[in-house]
file entry_37.cif (mmCIF, C-alpha atoms and all ligand atoms)
data_start
loop_
_atom_site.label_atom_id
_atom_site.label_comp_id
_atom_site.auth_asym_id
_atom_site.auth_seq_id
_atom_site.Cartn_x
_atom_site.Cartn_y
_atom_site.Cartn_z
CA MET A 1 -42.51 4.65 -21.52
CA LYS A 2 -44.19 7.44 -19.60
CA ARG A 3 -42.07 8.98 -16.82
CA ASN A 4 -43.35 10.37 -13.56
CA PRO A 5 -42.49 14.14 -13.69
CA PHE A 6 -41.60 14.14 -9.96
CA PHE A 7 -39.04 11.42 -10.63
CA VAL A 8 -37.38 13.54 -13.33
CA VAL A 9 -37.17 16.61 -11.03
CA TRP A 10 -35.81 14.42 -8.20
CA ALA A 11 -33.15 12.91 -10.50
CA ILE A 12 -32.02 16.37 -11.67
CA LEU A 13 -31.81 17.60 -8.07
CA LEU A 14 -29.75 14.56 -7.05
CA LEU A 15 -27.37 15.13 -9.96
CA LEU A 16 -26.92 18.81 -9.05
CA VAL A 17 -26.28 18.02 -5.37
CA SER A 18 -23.70 15.36 -6.28
CA GLN A 19 -21.94 17.80 -8.65
CA LEU A 20 -21.89 20.55 -6.01
CA GLY A 21 -20.66 18.09 -3.39
CA GLY A 22 -17.82 17.03 -5.68
CA GLU A 23 -16.60 20.59 -5.98
CA ALA A 24 -16.93 21.36 -2.28
CA LYS A 25 -14.65 18.69 -0.86
CA LYS A 26 -11.09 18.55 -2.11
CA PRO A 27 -9.66 15.01 -2.14
CA LYS A 28 -7.56 13.85 0.82
CA ILE A 29 -4.97 11.32 -0.27
CA TYR A 30 -2.90 8.78 1.68
CA ILE A 31 0.36 7.60 0.05
CA SER A 32 2.03 4.48 1.47
CA VAL A 33 5.59 4.18 0.18
CA ASP A 34 7.72 1.05 0.18
CA MET A 35 11.14 0.91 -1.46
CA GLU A 36 11.62 -2.37 -3.33
CA GLY A 37 9.29 -1.34 -6.15
CA ILE A 38 10.94 2.01 -6.86
CA ALA A 39 12.58 2.15 -10.31
CA HIS A 40 16.31 1.29 -10.14
CA VAL A 41 16.11 0.16 -6.52
CA VAL A 42 17.11 -3.44 -7.25
CA ASN A 43 19.62 -4.68 -4.65
CA ALA A 44 22.06 -2.52 -2.68
CA GLN A 45 19.74 0.49 -2.50
CA THR A 46 17.37 -0.78 0.21
CA SER A 47 19.39 -0.80 3.45
CA ALA A 48 21.21 1.91 5.37
CA GLY A 49 24.92 1.12 5.26
CA GLN A 50 24.90 -0.49 1.82
CA PHE A 51 27.02 1.35 -0.72
CA ASP A 52 24.15 2.61 -2.89
CA TYR A 53 21.50 3.32 -0.21
CA GLU A 54 21.64 7.11 -0.57
CA ARG A 55 20.74 6.75 -4.26
CA GLY A 56 17.77 4.57 -3.26
CA ARG A 57 16.50 7.25 -0.87
CA LYS A 58 16.77 9.93 -3.56
CA LEU A 59 14.94 7.81 -6.15
CA MET A 60 12.23 6.98 -3.59
CA THR A 61 11.75 10.63 -2.61
CA ALA A 62 11.58 11.67 -6.27
CA GLU A 63 8.81 9.13 -7.03
CA VAL A 64 6.85 10.37 -3.99
CA ASN A 65 7.21 13.97 -5.18
CA ALA A 66 6.00 12.98 -8.65
CA ALA A 67 2.87 11.41 -7.14
CA ILE A 68 2.27 14.44 -4.89
CA GLU A 69 2.56 16.81 -7.87
CA GLY A 70 0.00 14.71 -9.76
CA CYS A 71 -2.40 14.72 -6.79
CA LEU A 72 -2.04 18.49 -6.39
CA ALA A 73 -2.64 19.05 -10.11
CA ALA A 74 -5.91 17.15 -9.73
CA GLY A 75 -7.00 19.36 -6.82
CA ALA A 76 -6.02 17.26 -3.80
CA GLU A 77 -5.72 19.32 -0.65
CA VAL A 78 -4.30 17.10 2.08
CA ILE A 79 -1.65 14.53 1.29
CA ILE A 80 -0.21 12.27 3.97
CA VAL A 81 2.90 10.29 3.03
CA SER A 82 3.73 7.18 5.03
CA ASP A 83 7.38 6.06 4.81
CA SER A 84 6.83 2.30 5.04
CA HIS A 85 10.14 0.56 4.36
CA GLY A 86 12.87 -0.74 6.67
CA ASN A 87 13.25 1.70 9.55
CA ALA A 88 10.67 3.98 7.85
CA GLN A 89 13.18 6.84 7.71
CA ASN A 90 14.16 6.60 4.05
CA ILE A 91 12.34 9.52 2.43
CA ILE A 92 14.49 12.66 2.70
CA PRO A 93 12.22 15.13 4.55
CA GLU A 94 13.80 18.37 3.29
CA ASP A 95 13.52 17.16 -0.31
CA LEU A 96 9.84 16.24 -0.02
CA ASN A 97 7.18 18.50 -1.57
CA GLU A 98 6.20 21.05 1.07
CA LYS A 99 2.48 20.41 0.61
CA ALA A 100 2.67 16.90 2.11
CA LEU A 101 2.86 15.66 5.70
CA LEU A 102 5.28 12.79 6.38
CA ILE A 103 4.80 9.87 8.79
CA ARG A 104 8.19 8.41 9.77
CA SER A 105 9.74 5.60 11.82
CA PHE A 106 8.51 2.28 13.24
CA PRO A 107 6.94 0.91 15.35
CA ARG A 108 3.43 2.27 14.95
CA PRO A 109 0.15 0.36 15.32
CA LEU A 110 -0.91 0.21 11.66
CA LEU A 111 2.62 -0.21 10.27
CA GLN A 112 2.54 0.71 6.55
CA MET A 113 -0.96 2.23 6.86
CA GLU A 114 -0.56 4.26 10.04
CA GLY A 115 -2.83 7.30 10.00
CA ILE A 116 -5.41 5.95 7.55
CA ASP A 117 -9.04 6.59 8.49
CA SER A 118 -12.41 7.23 6.89
CA THR A 119 -11.65 10.92 6.22
CA PHE A 120 -9.40 9.94 3.27
CA ASP A 121 -10.73 9.72 -0.29
CA GLY A 122 -8.06 7.54 -1.86
CA VAL A 123 -4.86 5.58 -1.28
CA ILE A 124 -1.76 5.36 -3.49
CA PHE A 125 0.85 2.62 -3.15
CA LEU A 126 4.33 3.57 -4.38
CA GLY A 127 7.38 1.31 -4.53
CA TYR A 128 5.32 -1.80 -3.77
CA HIS A 129 6.73 -5.28 -4.43
CA PRO A 130 5.36 -8.81 -4.97
CA LYS A 131 4.67 -11.25 -2.15
CA GLU A 132 7.13 -13.79 -0.78
CA GLY A 133 7.72 -16.69 -3.15
CA THR A 134 6.73 -14.97 -6.41
CA PRO A 135 9.05 -16.36 -9.11
CA ASN A 136 11.41 -13.92 -10.84
CA ALA A 137 10.21 -10.99 -8.74
CA ASN A 138 12.72 -8.35 -7.70
CA LEU A 139 13.09 -8.19 -3.87
CA SER A 140 9.81 -10.03 -3.24
CA HIS A 141 8.74 -10.67 0.37
CA THR A 142 5.73 -10.23 2.64
CA ILE A 143 6.18 -7.63 5.40
CA TRP A 144 9.16 -9.30 7.08
CA GLY A 145 11.42 -11.13 4.67
CA THR A 146 13.50 -13.04 7.21
CA LYS A 147 10.51 -14.23 9.28
CA PHE A 148 7.31 -14.72 7.24
CA GLU A 149 6.98 -17.43 4.58
CA GLU A 150 3.28 -16.83 3.97
CA ILE A 151 0.44 -14.71 5.35
CA LYS A 152 -3.19 -15.65 4.74
CA VAL A 153 -6.26 -13.58 5.49
CA ASN A 154 -9.53 -15.56 5.39
CA GLY A 155 -7.73 -18.22 3.35
CA LEU A 156 -6.32 -15.77 0.79
CA ILE A 157 -2.52 -15.57 0.50
CA VAL A 158 -1.81 -11.85 0.70
CA SER A 159 0.88 -9.50 -0.49
CA GLU A 160 1.52 -6.23 1.33
CA ALA A 161 -0.60 -4.52 -1.32
CA LEU A 162 -3.62 -6.78 -0.72
CA PHE A 163 -3.26 -6.61 3.06
CA ASN A 164 -2.90 -2.82 3.13
CA ALA A 165 -5.72 -2.35 0.61
CA ALA A 166 -7.97 -4.33 2.99
CA VAL A 167 -6.89 -2.02 5.84
CA ALA A 168 -7.93 1.00 3.74
CA GLY A 169 -11.09 -0.89 2.74
CA HIS A 170 -12.01 -1.29 6.41
CA PHE A 171 -12.42 2.50 6.46
CA GLY A 172 -14.21 2.53 3.09
CA VAL A 173 -11.21 4.07 1.31
CA PRO A 174 -10.29 2.76 -2.18
CA VAL A 175 -6.81 2.20 -3.58
CA ILE A 176 -6.66 4.46 -6.63
CA MET A 177 -3.12 3.82 -7.91
CA VAL A 178 -0.40 1.17 -7.51
CA CYS A 179 3.21 1.48 -8.70
CA GLY A 180 5.79 -1.30 -8.72
CA ASP A 181 6.97 -4.17 -10.89
CA GLN A 182 4.83 -6.09 -13.39
CA HIS A 183 3.71 -8.67 -10.79
CA VAL A 184 2.41 -6.06 -8.32
CA VAL A 185 0.58 -4.21 -11.06
CA GLU A 186 -1.00 -7.41 -12.40
CA GLU A 187 -2.25 -8.34 -8.91
CA ALA A 188 -3.61 -4.83 -8.35
CA ARG A 189 -5.50 -4.79 -11.65
CA LYS A 190 -7.00 -8.19 -10.82
CA ASN A 191 -8.17 -7.26 -7.32
CA PHE A 192 -8.76 -3.51 -7.10
CA GLY A 193 -10.76 -2.80 -10.27
CA PRO A 194 -10.02 -0.08 -12.83
CA ILE A 195 -7.33 1.80 -10.88
CA GLU A 196 -4.31 3.63 -12.34
CA THR A 197 -0.99 1.76 -12.37
CA VAL A 198 2.64 2.37 -13.30
CA ILE A 199 5.07 -0.48 -14.01
CA THR A 200 8.23 1.09 -12.63
CA LYS A 201 10.36 -1.93 -13.46
CA GLU A 202 10.24 -5.27 -15.25
CA SER A 203 11.53 -7.78 -12.74
CA ILE A 204 14.06 -10.19 -14.21
CA GLY A 205 15.08 -12.11 -11.08
CA PHE A 206 15.11 -11.70 -7.30
CA LEU A 207 18.02 -9.25 -7.55
CA SER A 208 17.59 -7.80 -11.04
CA ALA A 209 15.18 -5.65 -13.02
CA LYS A 210 14.92 -3.38 -16.04
CA SER A 211 13.59 0.19 -15.84
CA ALA A 212 13.25 3.31 -17.94
CA HIS A 213 15.19 6.44 -16.95
CA PRO A 214 14.07 7.68 -13.49
CA ARG A 215 12.66 10.91 -14.91
CA VAL A 216 10.57 8.98 -17.47
CA VAL A 217 9.11 6.79 -14.71
CA GLN A 218 8.50 9.81 -12.46
CA MET A 219 6.70 11.67 -15.25
CA GLU A 220 4.37 8.71 -15.75
CA ILE A 221 3.72 8.54 -11.98
CA LYS A 222 2.80 12.22 -11.96
CA GLN A 223 0.42 11.86 -14.92
CA LYS A 224 -1.23 8.70 -13.57
CA ALA A 225 -1.62 10.17 -10.05
CA GLU A 226 -3.41 13.18 -11.52
CA LYS A 227 -5.67 10.87 -13.52
CA ALA A 228 -6.32 8.63 -10.51
CA VAL A 229 -7.44 11.53 -8.31
CA LYS A 230 -9.66 12.86 -11.10
CA ARG A 231 -11.24 9.39 -11.49
CA ILE A 232 -11.58 8.81 -7.73
CA ARG A 233 -15.37 8.40 -7.85
CA GLU A 234 -14.96 5.36 -10.12
CA MET A 235 -12.83 3.52 -7.56
CA ARG A 236 -14.22 1.03 -5.01
CA PRO A 237 -12.71 -0.07 -1.68
CA PHE A 238 -11.15 -3.53 -1.40
CA GLU A 239 -13.09 -5.03 1.49
CA ILE A 240 -12.76 -8.39 3.21
CA LYS A 241 -15.28 -10.17 5.42
CA LYS A 242 -15.31 -9.83 9.21
CA PRO A 243 -14.29 -11.56 11.47
CA VAL A 244 -10.82 -12.26 10.13
CA THR A 245 -8.83 -15.48 10.28
CA LEU A 246 -5.12 -14.66 10.14
CA GLU A 247 -2.70 -17.49 9.37
CA ILE A 248 1.08 -17.10 9.38
CA VAL A 249 3.65 -19.60 8.15
CA PHE A 250 7.00 -18.67 9.67
CA LYS A 251 10.36 -19.49 8.16
CA SER A 252 11.51 -20.86 11.51
CA ILE A 253 9.76 -23.57 13.53
CA PHE A 254 10.95 -21.72 16.65
CA ASP A 255 8.88 -18.62 15.80
CA ALA A 256 5.71 -20.69 15.32
CA GLU A 257 6.30 -22.48 18.62
CA THR A 258 6.89 -19.33 20.67
CA THR A 259 4.09 -17.27 19.06
CA ALA A 260 1.70 -20.11 19.93
CA TYR A 261 2.57 -19.62 23.63
CA LEU A 262 0.03 -16.79 23.46
CA PRO A 263 -3.19 -18.43 24.72
CA TRP A 264 -5.42 -17.36 21.82
CA VAL A 265 -2.93 -18.36 19.11
CA LYS A 266 -3.43 -21.85 17.67
CA ARG A 267 -0.52 -23.89 16.28
CA ILE A 268 -1.77 -25.47 13.05
CA ASN A 269 1.41 -27.30 12.02
CA GLY A 270 5.18 -27.14 12.43
CA LYS A 271 5.69 -23.59 11.16
CA GLY A 272 2.09 -22.33 11.03
CA ILE A 273 -0.17 -20.52 13.49
CA ARG A 274 -3.75 -19.26 13.27
CA VAL A 275 -5.47 -16.48 15.16
CA GLU A 276 -9.12 -15.39 15.00
CA LEU A 277 -9.60 -11.61 15.10
CA ASN A 278 -12.51 -9.19 14.81
CA ASN A 279 -11.25 -7.38 11.73
CA ILE A 280 -8.24 -6.55 9.52
CA ILE A 281 -7.18 -3.71 11.85
CA GLU A 282 -6.65 -6.22 14.66
CA ALA A 283 -4.78 -8.45 12.19
CA ASN A 284 -2.53 -5.52 11.29
CA GLN A 285 -1.88 -4.77 14.97
CA PHE A 286 -1.10 -8.44 15.64
CA LEU A 287 1.49 -8.53 12.84
CA THR A 288 2.91 -5.21 13.98
CA ALA A 289 3.27 -6.48 17.55
CA LEU A 290 5.16 -9.58 16.35
CA PHE A 291 7.40 -7.31 14.28
CA ALA A 292 7.96 -4.70 17.00
CA ILE A 293 8.62 -7.17 19.85
CA ASN A 294 11.41 -8.66 17.78
CA ASN A 295 12.84 -5.43 16.36
CA ARG A 296 14.09 -2.21 17.86
CA ILE A 297 14.90 -0.39 14.68
ZN ZN B 1 7.59 -4.23 1.78
#
call {"tool": "encode", "arguments": {"input": "entry_37.cif", "output": "structure tokens"}}
result
Amino acid sequence: MKRNPFFVVWAILLLLVSQLGGEAKKPKIYISVDMEGIAHVVNAQTSAGQFDYERGRKLMTAEVNAAIEGCLAAGAEVIIVSDSHGNAQNIIPEDLNEKALLIRSFPRPLLQMEGIDSTFDGVIFLGYHPKEGTPNANLSHTIWGTKFEEIKVNGLIVSEALFNAAVAGHFGVPVIMVCGDQHVVEEARKNFGPIETVITKESIGFLSAKSAHPRVVQMEIKQKAEKAVKRIREMRPFEIKKPVTLEIVFKSIFDAETTAYLPWVKRINGKGIRVELNNIIEANQFLTALFAINNRI
């Protein structure tokens, strides 16, 4: 086949510009950190006041540092860490790598994804856990364990990972790495494409799991984070269609009844409500409002 010489020159120029562009901008990474998927956080490590909580905080902070080190090794420049569990004050600030900025405490409009926008190049989920109702899944729940039985977005039952990936996807930002138990990793591989993953624990039951030594897990997180940032151009955002239909099944019939007092919320059955929203950001804000009105953490 005979090629047009102008096409060849154009293709070479495009390649050069894309290479130069890649070197010019250093990756900006957003790390959302939950706690239930951290290795060895299995039961009494998740809540302030429980006997082993301080160990949970240390393990969580160490996994975040491992991911930050990996990102830095791959040339990342700005790293924002979002503490996204419980009262969102679990990560120990003075023990965190000095190169990262830390977002702490709830409430905040975008909950576990506060601060994400289109200036970021990639998102990492650390310590993530499976959705409510997953069999034999350590500490599984969806956003608010005592309130939400099921959350659906456009008919799809979502985990926190799927929901938050869609929030990042709204801004065109891909998830590049997910760490948590085998269920979370399986879901991520199925939905987010060829991202990097670390199975931090093999869930046995709701309150039990098996993990390698913390340092072994942290070393793998560091290596995979470095690889993920280096492979960032291969990753694609997880996007969902607009507008968004958000459906919530509450655990209590009372919560469905009172949420449906809002004029634009439709009661669909005893414990279920539906709300039509413009996009996933509005869905996130709606969930956050329900959470914040009921909680002063
Ligand atoms: Zn969670």
call {"tool": "residues_near_ligand", "arguments": {"input": "entry_37.cif", "ligand": "ligand ZN 1 (chain B)", "cutoff": "9 Å", "atoms": "only C-alpha atoms and all ligand atoms", "output": "PyMOL selection string"}}
result
chain A and resi 33-37+84-86+112+127-131+139-145+159-161
call {"tool": "residues_near_point", "arguments": {"input": "entry_37.cif", "point": "(7.9, -8.8, -12.8)", "cutoff": "8 Å", "atoms": "all atoms listed in the file", "output": "number ranges by chain"}}
result
A: 136-138, 181-184, 201-204, 209
call {"tool": "closest_residue", "arguments": {"input": "entry_37.cif", "among": "A:Val42, A:Ile157, A:Ala228, A:Ile103", "to": "Ile79 of chain A", "atoms": "only C-alpha atoms"}}
result
A:Ile103
call {"tool": "residues_around", "arguments": {"input": "entry_37.cif", "residues": "Ala225 of chain A", "least_positions_apart": "2", "cutoff": "8 Å", "atoms": "all atoms listed in the file", "output": "mmCIF file with C-alpha atoms, in the coordinates of the input"}}
result
data_model
loop_
_atom_site.group_PDB
_atom_site.id
_atom_site.type_symbol
_atom_site.label_atom_id
_atom_site.label_comp_id
_atom_site.auth_asym_id
_atom_site.auth_seq_id
_atom_site.Cartn_x
_atom_site.Cartn_y
_atom_site.Cartn_z
ATOM 1 C CA ALA A 67 2.870 11.410 -7.140
ATOM 2 C CA ILE A 68 2.270 14.440 -4.890
ATOM 3 C CA GLY A 70 0.000 14.710 -9.760
ATOM 4 C CA CYS A 71 -2.400 14.720 -6.790
ATOM 5 C CA MET A 177 -3.120 3.820 -7.910
ATOM 6 C CA GLU A 196 -4.310 3.630 -12.340
ATOM 7 C CA ILE A 221 3.720 8.540 -11.980
ATOM 8 C CA LYS A 222 2.800 12.220 -11.960
ATOM 9 C CA GLN A 223 0.420 11.860 -14.920
ATOM 10 C CA LYS A 227 -5.670 10.870 -13.520
ATOM 11 C CA ALA A 228 -6.320 8.630 -10.510
ATOM 12 C CA VAL A 229 -7.440 11.530 -8.310
#
call {"tool": "axis_aligned_box", "arguments": {"input": "entry_37.cif", "around": "segment 230-244 of chain A", "padding_each_side": "5 Å", "output": "AutoDock Vina command-line options"}}
result
--center_x -12.5 --center_y 0.3 --center_z 0.0 --size_x 15.7 --size_y 35.1 --size_z 33.0
call {"tool": "closest_residue", "arguments": {"input": "entry_37.cif", "among": "A:His170, A:Arg236, A:Lys25, A:His213", "to": "Gly193 of chain A", "atoms": "only C-alpha atoms"}}
result
A:Arg236
call {"tool": "atom_distance", "arguments": {"input": "entry_37.cif", "atom1": "atom CA of Asp95 of chain A", "atom2": "atom CA of Thr61 of chain A"}}
result
7.1 Å
call {"tool": "closest_residue", "arguments": {"input": "entry_37.cif", "among": "A:Lys58, A:Ile29, A:Leu156, A:Gln50", "to": "Ala74 of chain A", "atoms": "all atoms listed in the file"}}
result
A:Ile29
call {"tool": "closest_residue", "arguments": {"input": "entry_37.cif", "among": "A:Glu247, A:Glu63, A:Glu69, A:Glu239", "to": "Asn164 of chain A", "atoms": "only C-alpha atoms"}}
result
A:Glu239
call {"tool": "atom_distance", "arguments": {"input": "entry_37.cif", "atom1": "atom CA of Phe286 of chain A", "atom2": "atom CA of Pro243 of chain A"}}
result
14.2 Å
call {"tool": "closest_residue", "arguments": {"input": "entry_37.cif", "among": "A:Ile273, A:Val175, A:Val217, A:Met235", "to": "Phe148 of chain A", "atoms": "only C-alpha atoms"}}
result
A:Ile273
call {"tool": "residues_around", "arguments": {"input": "entry_37.cif", "residues": "Ile116 of chain A", "least_positions_apart": "6", "cutoff": "8 Å", "atoms": "all atoms listed in the file", "output": "JSON, numbers by chain"}}
result
{"A": [30, 168, 171]}
call {"tool": "residues_near_point", "arguments": {"input": "entry_37.cif", "point": "(11.7, 7.7, -11.8)", "cutoff": "8 Å", "atoms": "all atoms listed in the file", "output": "PyMOL selection string"}}
result
chain A and resi 38-39+59+62-63+200+212-219
call {"tool": "atom_distance", "arguments": {"input": "entry_37.cif", "atom1": "atom CA of Arg57 of chain A", "atom2": "atom CA of Pro93 of chain A"}}
result
10.5 Å
